[in-house]
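Enquirer: I'd like to ask some things about the structure below.
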Amino acid sequence: PRFGRLLLTGAAGQLGRELRQRLRPYCDRLRVSDLSEMAPPVDDHEEVVRCDLADAAAVRALLDGVDGVVHFGGVSVEAAWEPILQANIVGVKNLYEAARLNRTRRVVFASSNHVVGMYSQGQVLDVDAAPRPDGYYGLSKAFGEDTAQLYFDRHGVETVSIRIGSVTPAPIDRRMLATWLSFDDLERLIIAGLRAPVVGHSIVYGRSDNHGTFWDNRGAAHLGWRPRDSSEPWRAELEARQPVIDPTDPVHRLIGGRFVVIGPLGEP
Ligand code: NAI
Ligand code: 15L
């Protein structure tokens, strides 16, 4: 079935710009939003709304008349605490309060692999793996997942939290052989997350059907999503380009890759 009005946040971002095109066919109206400037509406099925997620009143209005939210807005990398606090913590709380007040039934939340970034790459994690964030960014995404759980338990707002690996047109380093998620698989996962009859608060790892993955999605089978793409065609080229990997280096040993050493927490 088509959706009535869908809201996409983060629409000016790397993934948002692509998703804006891809979500259009699934809904009668697509409302797109970001703090930054976006392209004007392409036709009268699109609504373009500039909004700071940290502004509770503006977010409340943003969700008015919305059936489902694809929440991709926020700080997307390791950064100073204050912007992460405003966009990813205050922002996610504002989003869920607005969903409750507007009776929005379903959210697909762009969580991140950095929620579990400090686990070893040698482990295979289930969808119920407890957070081991690798920085303020991963910590804020763990807060987002917990907020989703709270608003389901208290108010019945359903969420699929996608612990996204790495979305790029093609994998570009050896870690991405495990973490890569194609845009096509991401699109299908978002739609499955919106359409699945009952999700409560479900967590799923956003990765394609990659060999040597760090993540087991059997616990999210009820979403009815199976990735169709794989990083395997790029393996030979990426292994040749990066032939030596130091397995004792945390950047290569831990799931979060370089996020486990960068940012404010990496400073003396
Ligand atoms: P991006 O940084 O390109 O886009 C994020 C957008 O959010 C930006 O356009 C930015 O202006 C907007 N934003 C930031 N603060 C805001 C605020 N206070 N109010 C309103 N909008 C605000 O990031 P990208 O790569 O497109 O990622 C999208 C989402 O997916 C993010 O939530 C990110 O954490 C998540 N994600 C992305 C991955 C990837 O491979 N690109 C991997 C894992 C998670
Ligand atoms: C993320 O969460 C980031 O948003 C993205 O820029 C990538 O760095 C990705 O994780 C990754 O771990 O590759």
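Order determines the names: the first chain of the structure tokens is A, the second B, and so forth; residues in each chain are numbered 1 upward, and ligands are numbered 1 upward as they are shown.
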Using only C-alpha atoms, determine which residues lie at most 10 Å from Ile191 of chain A, disregarding the query and same-chain residues fewer than 4 positions distant; provide the list as a list in words.

Expert: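 What passes the distance filter is Leu23, Tyr26, Val70, Val108, Asp185, Leu186, Glu187, Arg195, Ala196, Leu223 and Trp225 of chain A.
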
Enquirer: Would you save the residues of that selection, restricted to N, CA and C atoms, as an mmCIF file, in the first residue's frame?

Expert:
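The resulting out_14.cif:
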data_model
loop_
_atom_site.group_PDB
_atom_site.id
_atom_site.type_symbol
_atom_site.label_atom_id
_atom_site.label_comp_id
_atom_site.auth_asym_id
_atom_site.auth_seq_id
_atom_site.Cartn_x
_atom_site.Cartn_y
_atom_site.Cartn_z
ATOM 1 N N LEU A 23 11.814 7.877 -2.044
ATOM 2 C CA LEU A 23 10.593 7.688 -1.247
ATOM 3 C C LEU A 23 9.343 8.210 -1.959
ATOM 4 N N TYR A 26 6.330 6.033 -3.059
ATOM 5 C CA TYR A 26 5.635 5.231 -2.041
ATOM 6 C C TYR A 26 4.548 6.002 -1.299
ATOM 7 N N VAL A 70 10.686 9.073 8.465
ATOM 8 C CA VAL A 70 11.978 8.465 8.146
ATOM 9 C C VAL A 70 13.010 9.459 8.683
ATOM 10 N N VAL A 108 11.014 5.240 11.227
ATOM 11 C CA VAL A 108 12.230 4.496 10.880
ATOM 12 C C VAL A 108 13.389 5.408 11.249
ATOM 13 N N ASP A 185 19.387 -1.610 -1.114
ATOM 14 C CA ASP A 185 19.025 -2.379 0.093
ATOM 15 C C ASP A 185 18.495 -1.453 1.188
ATOM 16 N N LEU A 186 19.078 -0.242 1.303
ATOM 17 C CA LEU A 186 18.573 0.721 2.296
ATOM 18 C C LEU A 186 17.134 1.107 1.975
ATOM 19 N N GLU A 187 16.851 1.408 0.731
ATOM 20 C CA GLU A 187 15.475 1.778 0.341
ATOM 21 C C GLU A 187 14.503 0.653 0.699
ATOM 22 N N ARG A 195 6.278 -0.768 6.439
ATOM 23 C CA ARG A 195 5.124 -1.605 6.069
ATOM 24 C C ARG A 195 4.886 -2.803 6.974
ATOM 25 N N ALA A 196 5.899 -3.285 7.662
ATOM 26 C CA ALA A 196 5.728 -4.505 8.480
ATOM 27 C C ALA A 196 4.566 -4.284 9.446
ATOM 28 N N LEU A 223 10.602 -8.308 9.961
ATOM 29 C CA LEU A 223 10.508 -7.148 9.060
ATOM 30 C C LEU A 223 10.307 -7.590 7.605
ATOM 31 N N TRP A 225 12.586 -8.323 5.467
ATOM 32 C CA TRP A 225 13.596 -7.708 4.579
ATOM 33 C C TRP A 225 14.780 -8.639 4.430
#

Enquirer: Just the strand (DSSP E or B) stuff from segment 37-267 of chain A, please, per backbone DSSP, written as number ranges by chain.

Expert: A: 46-50, 68-71, 106-112, 120, 125, 158-164, 166-167, 180-181, 201-206, 215, 254

Enquirer: Filtering to N, CA and C atoms, could you give me those residues as a short mmCIF file (atom, residue, chain, number, x, y, z; two decimals), in the first residue's frame?

Expert:
data_model
loop_
_atom_site.label_atom_id
_atom_site.label_comp_id
_atom_site.auth_asym_id
_atom_site.auth_seq_id
_atom_site.Cartn_x
_atom_site.Cartn_y
_atom_site.Cartn_z
N GLU A 46 5.23 17.39 -3.00
CA GLU A 46 6.35 17.58 -2.06
C GLU A 46 6.16 18.84 -1.23
N GLU A 47 6.55 18.74 0.06
CA GLU A 47 6.53 19.91 0.94
C GLU A 47 7.94 20.04 1.51
N VAL A 48 8.52 21.21 1.44
CA VAL A 48 9.89 21.43 1.89
C VAL A 48 9.85 22.36 3.10
N VAL A 49 10.30 21.87 4.25
CA VAL A 49 10.19 22.64 5.49
C VAL A 49 11.55 22.71 6.19
N ARG A 50 12.12 23.91 6.27
CA ARG A 50 13.36 24.10 7.05
C ARG A 50 13.00 24.01 8.52
N GLY A 68 4.02 8.60 8.75
CA GLY A 68 5.26 7.87 9.06
C GLY A 68 6.45 8.80 8.91
N VAL A 69 7.48 8.57 9.76
CA VAL A 69 8.67 9.41 9.74
C VAL A 69 9.89 8.57 9.39
N VAL A 70 10.69 9.07 8.46
CA VAL A 70 11.98 8.46 8.15
C VAL A 70 13.01 9.46 8.68
N HIS A 71 13.53 9.15 9.89
CA HIS A 71 14.31 10.15 10.63
C HIS A 71 15.81 9.98 10.37
N ARG A 106 4.41 5.36 13.10
CA ARG A 106 5.63 4.60 12.78
C ARG A 106 6.81 5.52 12.46
N VAL A 107 7.97 5.16 13.00
CA VAL A 107 9.22 5.88 12.72
C VAL A 107 10.26 4.87 12.24
N VAL A 108 11.01 5.24 11.23
CA VAL A 108 12.23 4.50 10.88
C VAL A 108 13.39 5.41 11.25
N PHE A 109 14.21 4.95 12.19
CA PHE A 109 15.26 5.80 12.77
C PHE A 109 16.63 5.37 12.26
N ALA A 110 17.37 6.34 11.72
CA ALA A 110 18.75 6.08 11.28
C ALA A 110 19.66 6.04 12.51
N SER A 111 19.76 4.84 13.10
CA SER A 111 20.77 4.64 14.14
C SER A 111 22.08 4.32 13.42
N SER A 112 23.07 3.84 14.14
CA SER A 112 24.37 3.66 13.49
C SER A 112 25.12 2.47 14.09
N SER A 120 34.48 -6.17 19.18
CA SER A 120 35.50 -6.68 18.26
C SER A 120 34.89 -7.06 16.92
N LEU A 125 27.36 -10.04 16.07
CA LEU A 125 26.40 -9.49 17.04
C LEU A 125 24.97 -9.74 16.59
N GLU A 158 5.59 3.09 17.19
CA GLU A 158 6.47 2.00 16.76
C GLU A 158 7.68 2.53 15.99
N THR A 159 8.81 1.88 16.19
CA THR A 159 10.05 2.30 15.50
C THR A 159 10.84 1.09 15.03
N VAL A 160 11.42 1.24 13.85
CA VAL A 160 12.51 0.36 13.43
C VAL A 160 13.79 1.18 13.47
N SER A 161 14.70 0.81 14.37
CA SER A 161 16.00 1.47 14.45
C SER A 161 16.98 0.68 13.59
N ILE A 162 17.52 1.36 12.57
CA ILE A 162 18.48 0.70 11.68
C ILE A 162 19.89 1.08 12.12
N ARG A 163 20.63 0.12 12.63
CA ARG A 163 22.05 0.37 12.94
C ARG A 163 22.80 0.29 11.61
N ILE A 164 22.84 1.45 10.93
CA ILE A 164 23.38 1.49 9.57
C ILE A 164 24.89 1.29 9.59
N SER A 166 27.69 1.28 6.44
CA SER A 166 28.28 2.34 5.61
C SER A 166 27.57 2.38 4.27
N VAL A 167 26.87 3.49 4.02
CA VAL A 167 26.13 3.61 2.76
C VAL A 167 26.92 4.49 1.80
N TRP A 180 29.23 -2.47 4.42
CA TRP A 180 28.59 -1.77 3.32
C TRP A 180 27.09 -2.08 3.21
N LEU A 181 26.32 -1.02 2.92
CA LEU A 181 24.88 -1.16 2.64
C LEU A 181 24.61 -0.39 1.36
N HIS A 201 9.40 -1.87 19.06
CA HIS A 201 10.68 -1.25 18.73
C HIS A 201 11.61 -2.35 18.29
N SER A 202 11.94 -2.37 17.00
CA SER A 202 12.84 -3.39 16.46
C SER A 202 14.16 -2.76 16.08
N ILE A 203 15.24 -3.50 16.32
CA ILE A 203 16.57 -3.08 15.87
C ILE A 203 17.01 -4.02 14.77
N VAL A 204 17.60 -3.46 13.72
CA VAL A 204 18.13 -4.27 12.62
C VAL A 204 19.44 -3.63 12.17
N TYR A 205 20.39 -4.46 11.74
CA TYR A 205 21.64 -3.92 11.21
C TYR A 205 21.47 -3.63 9.73
N GLY A 206 21.81 -2.41 9.35
CA GLY A 206 21.71 -2.01 7.95
C GLY A 206 23.00 -2.35 7.23
N TRP A 215 27.38 -8.80 11.74
CA TRP A 215 26.03 -8.67 12.28
C TRP A 215 25.06 -9.72 11.77
N LEU A 254 38.34 -3.20 15.92
CA LEU A 254 37.01 -2.91 16.47
C LEU A 254 36.04 -2.49 15.37
#

Enquirer: Could you please extract the residues within 7 Å of ligand 1, counting only C-alpha atoms and all ligand atoms, and hand them back as a tab-separated table (two decimals) with C-alpha atoms, in the first residue's frame?

Expert:
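Done, and the output landed in selection37.tsv:
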chain	number	residue	atom	x	y	z
A	9	THR	CA	14.32	14.47	8.00
A	10	GLY	CA	17.93	15.09	7.04
A	11	ALA	CA	16.75	15.66	3.46
A	12	ALA	CA	19.71	17.91	2.58
A	13	GLY	CA	22.21	15.25	3.65
A	14	GLN	CA	24.14	12.61	1.76
A	15	LEU	CA	21.53	9.91	2.29
A	16	GLY	CA	18.59	12.31	2.49
A	34	ASP	CA	16.48	19.81	7.22
A	35	LEU	CA	18.32	22.56	9.04
A	36	SER	CA	20.17	23.32	5.81
A	51	CYS	CA	13.44	23.07	10.70
A	52	ASP	CA	15.94	22.76	13.54
A	53	LEU	CA	15.33	19.47	15.35
A	54	ALA	CA	16.32	21.21	18.59
A	72	PHE	CA	17.73	10.70	9.04
A	73	GLY	CA	18.46	14.23	10.32
A	74	GLY	CA	21.16	14.98	12.86
A	75	VAL	CA	24.91	15.04	13.37
A	76	SER	CA	26.21	12.05	11.42
A	77	VAL	CA	29.84	11.78	12.56
A	86	GLN	CA	21.19	19.55	20.34
A	87	ALA	CA	20.58	17.55	17.15
A	91	GLY	CA	16.27	16.58	18.63
A	110	ALA	CA	18.75	6.08	11.28
A	111	SER	CA	20.77	4.64	14.14
A	112	SER	CA	24.37	3.66	13.49
A	113	ASN	CA	26.90	0.86	13.77
A	163	ARG	CA	22.05	0.37	12.94
A	164	ILE	CA	23.38	1.49	9.57
A	165	GLY	CA	26.82	0.29	8.49
A	166	SER	CA	28.28	2.34	5.61
A	167	VAL	CA	26.13	3.61	2.76
A	168	THR	CA	28.11	4.60	-0.35

Enquirer: May I have all residues of segment 29-75 of chain A that DSSP, computed from the backbone, assigns to helix (DSSP H, G or I), given as a JSON list (two decimals) with N, CA and C atoms, in the first residue's frame?

Expert:
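So the final result, stored in states-v8.json, reads:
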[["chain", "number", "residue", "atom", "x", "y", "z"],
["A", 56, "ALA", "N", 11.57, 22.52, 19.74],
["A", 56, "ALA", "CA", 10.44, 21.61, 20.03],
["A", 56, "ALA", "C", 9.16, 22.03, 19.33],
["A", 57, "ALA", "N", 8.84, 23.33, 19.35],
["A", 57, "ALA", "CA", 7.59, 23.80, 18.75],
["A", 57, "ALA", "C", 7.62, 23.58, 17.23],
["A", 58, "ALA", "N", 8.76, 23.83, 16.63],
["A", 58, "ALA", "CA", 8.87, 23.65, 15.18],
["A", 58, "ALA", "C", 8.74, 22.17, 14.81],
["A", 59, "VAL", "N", 9.30, 21.29, 15.62],
["A", 59, "VAL", "CA", 9.23, 19.85, 15.33],
["A", 59, "VAL", "C", 7.79, 19.35, 15.54],
["A", 60, "ARG", "N", 7.14, 19.90, 16.53],
["A", 60, "ARG", "CA", 5.72, 19.55, 16.75],
["A", 60, "ARG", "C", 4.90, 19.86, 15.49],
["A", 61, "ALA", "N", 5.13, 21.05, 14.93],
["A", 61, "ALA", "CA", 4.40, 21.44, 13.71],
["A", 61, "ALA", "C", 4.84, 20.59, 12.51],
["A", 62, "LEU", "N", 6.10, 20.23, 12.51],
["A", 62, "LEU", "CA", 6.65, 19.44, 11.38],
["A", 62, "LEU", "C", 5.94, 18.09, 11.23]]

Enquirer: What's the 12 Å shell around Ala170 of chain A, counting only C-alpha atoms, without same-chain residues fewer than 2 positions away, as a PyMOL selection string?

Expert: chain A and resi 166-168+172-174+176-177+179-184+208+229-235+237-238

Enquirer: Can you pull out the residues contacting Phe143 of chain A? Cut-off 12 Å, using only C-alpha atoms, and skip same-chain residues under 3 positions away; I want them as a PyMOL selection string.

Expert: chain A and resi 84-85+87-93+109+111-112+115+131-133+136-140+146-150+161

Enquirer: How about saving the chosen residues, N, CA and C atoms kept, as a compact mmCIF listing (two decimals), in the first residue's frame?

Expert:
# COMPACT_ATOMS: atom_id res chain seq x y z
N ILE A 84 26.02 17.59 19.02
CA ILE A 84 25.42 16.25 19.13
C ILE A 84 24.27 16.28 20.12
N LEU A 85 24.48 16.97 21.24
CA LEU A 85 23.42 17.10 22.24
C LEU A 85 22.17 17.73 21.62
N ALA A 87 21.22 18.21 18.30
CA ALA A 87 20.58 17.55 17.15
C ALA A 87 20.11 16.14 17.48
N ASN A 88 20.95 15.37 18.16
CA ASN A 88 20.69 13.92 18.28
C ASN A 88 20.03 13.53 19.60
N ILE A 89 20.13 14.38 20.60
CA ILE A 89 19.54 14.03 21.90
C ILE A 89 18.29 14.89 22.13
N VAL A 90 18.46 16.21 22.20
CA VAL A 90 17.27 17.08 22.29
C VAL A 90 16.39 16.86 21.04
N GLY A 91 17.02 16.74 19.89
CA GLY A 91 16.27 16.58 18.63
C GLY A 91 15.43 15.31 18.60
N VAL A 92 16.00 14.21 19.04
CA VAL A 92 15.25 12.94 19.00
C VAL A 92 14.13 12.95 20.04
N LYS A 93 14.38 13.57 21.16
CA LYS A 93 13.32 13.69 22.18
C LYS A 93 12.17 14.54 21.63
N PHE A 109 14.21 4.95 12.19
CA PHE A 109 15.26 5.80 12.77
C PHE A 109 16.63 5.37 12.26
N SER A 111 19.76 4.84 13.10
CA SER A 111 20.77 4.64 14.14
C SER A 111 22.08 4.32 13.42
N SER A 112 23.07 3.84 14.14
CA SER A 112 24.37 3.66 13.49
C SER A 112 25.12 2.47 14.09
N VAL A 115 26.86 2.65 17.55
CA VAL A 115 26.25 2.23 18.83
C VAL A 115 26.98 1.00 19.38
N PRO A 131 24.39 -1.81 23.68
CA PRO A 131 25.28 -0.79 23.14
C PRO A 131 26.68 -0.82 23.76
N ARG A 132 27.67 -0.61 22.92
CA ARG A 132 29.04 -0.30 23.36
C ARG A 132 29.52 0.80 22.42
N PRO A 133 28.99 2.02 22.63
CA PRO A 133 29.27 3.11 21.70
C PRO A 133 30.75 3.46 21.65
N TYR A 136 30.83 10.07 21.41
CA TYR A 136 29.60 10.84 21.71
C TYR A 136 28.53 10.56 20.66
N TYR A 137 28.95 10.42 19.40
CA TYR A 137 27.99 10.19 18.32
C TYR A 137 27.26 8.85 18.53
N GLY A 138 28.01 7.79 18.76
CA GLY A 138 27.40 6.48 19.00
C GLY A 138 26.53 6.49 20.25
N LEU A 139 27.00 7.22 21.26
CA LEU A 139 26.23 7.35 22.51
C LEU A 139 24.89 8.02 22.23
N SER A 140 24.90 9.05 21.39
CA SER A 140 23.65 9.76 21.09
C SER A 140 22.69 8.87 20.29
N ASP A 146 16.98 4.07 22.72
CA ASP A 146 16.28 3.98 24.01
C ASP A 146 15.02 4.83 24.01
N THR A 147 15.10 5.99 23.38
CA THR A 147 13.93 6.87 23.29
C THR A 147 12.83 6.18 22.48
N ALA A 148 13.21 5.53 21.41
CA ALA A 148 12.24 4.78 20.60
C ALA A 148 11.56 3.70 21.45
N GLN A 149 12.36 3.00 22.25
CA GLN A 149 11.80 1.96 23.12
C GLN A 149 10.82 2.56 24.13
N LEU A 150 11.23 3.66 24.74
CA LEU A 150 10.37 4.33 25.73
C LEU A 150 9.04 4.75 25.12
N SER A 161 14.70 0.81 14.37
CA SER A 161 16.00 1.47 14.45
C SER A 161 16.98 0.68 13.59

Enquirer: Would you please work out which residue, of A:His114, A:Arg105, A:Arg2, A:Arg20, is nearest to ligand 2 when using only C-alpha atoms and all ligand atoms?

Expert: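 Under the stated criterion, the closest residue is A:His114.
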
Enquirer: Quick one: of A:Ala178, A:Trp81, A:Pro40, A:Asp153, who's nearest to Asp216 of chain A, counting only C-alpha atoms?

Expert: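 Selected residue with least distance to Asp216 of chain A: A:Ala178.
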
Enquirer: With only C-alpha atoms and all ligand atoms as the basis for distance, which of A:Gly117, A:Gly144, A:Gly122, A:Gly224 is at the shortest distance from ligand 2?

Expert: A:Gly117

Enquirer: To one decimal place, how far is atom CA of Arg258 of chain A from atom 7 (C, counted along the ligand's line) of ligand 2 in Å?

Expert: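 Computed distance, atom CA of Arg258 of chain A to atom 7 (C, counted along the ligand's line) of ligand 2, equals 9.7 Å.
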
Enquirer: My list of candidates is A:Gly200, A:Pro247, A:Gly256, A:Gly212. Which is closest to ligand 2 when distances are computed with only C-alpha atoms and all ligand atoms?

Expert: A:Gly256

Enquirer: Report, in Å to a single decimal, how far apart atom 3 (C, counted along the ligand's line) of ligand 2 and atom CA of Leu19 of chain A are.

Expert: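 The value is 15.9 Å.
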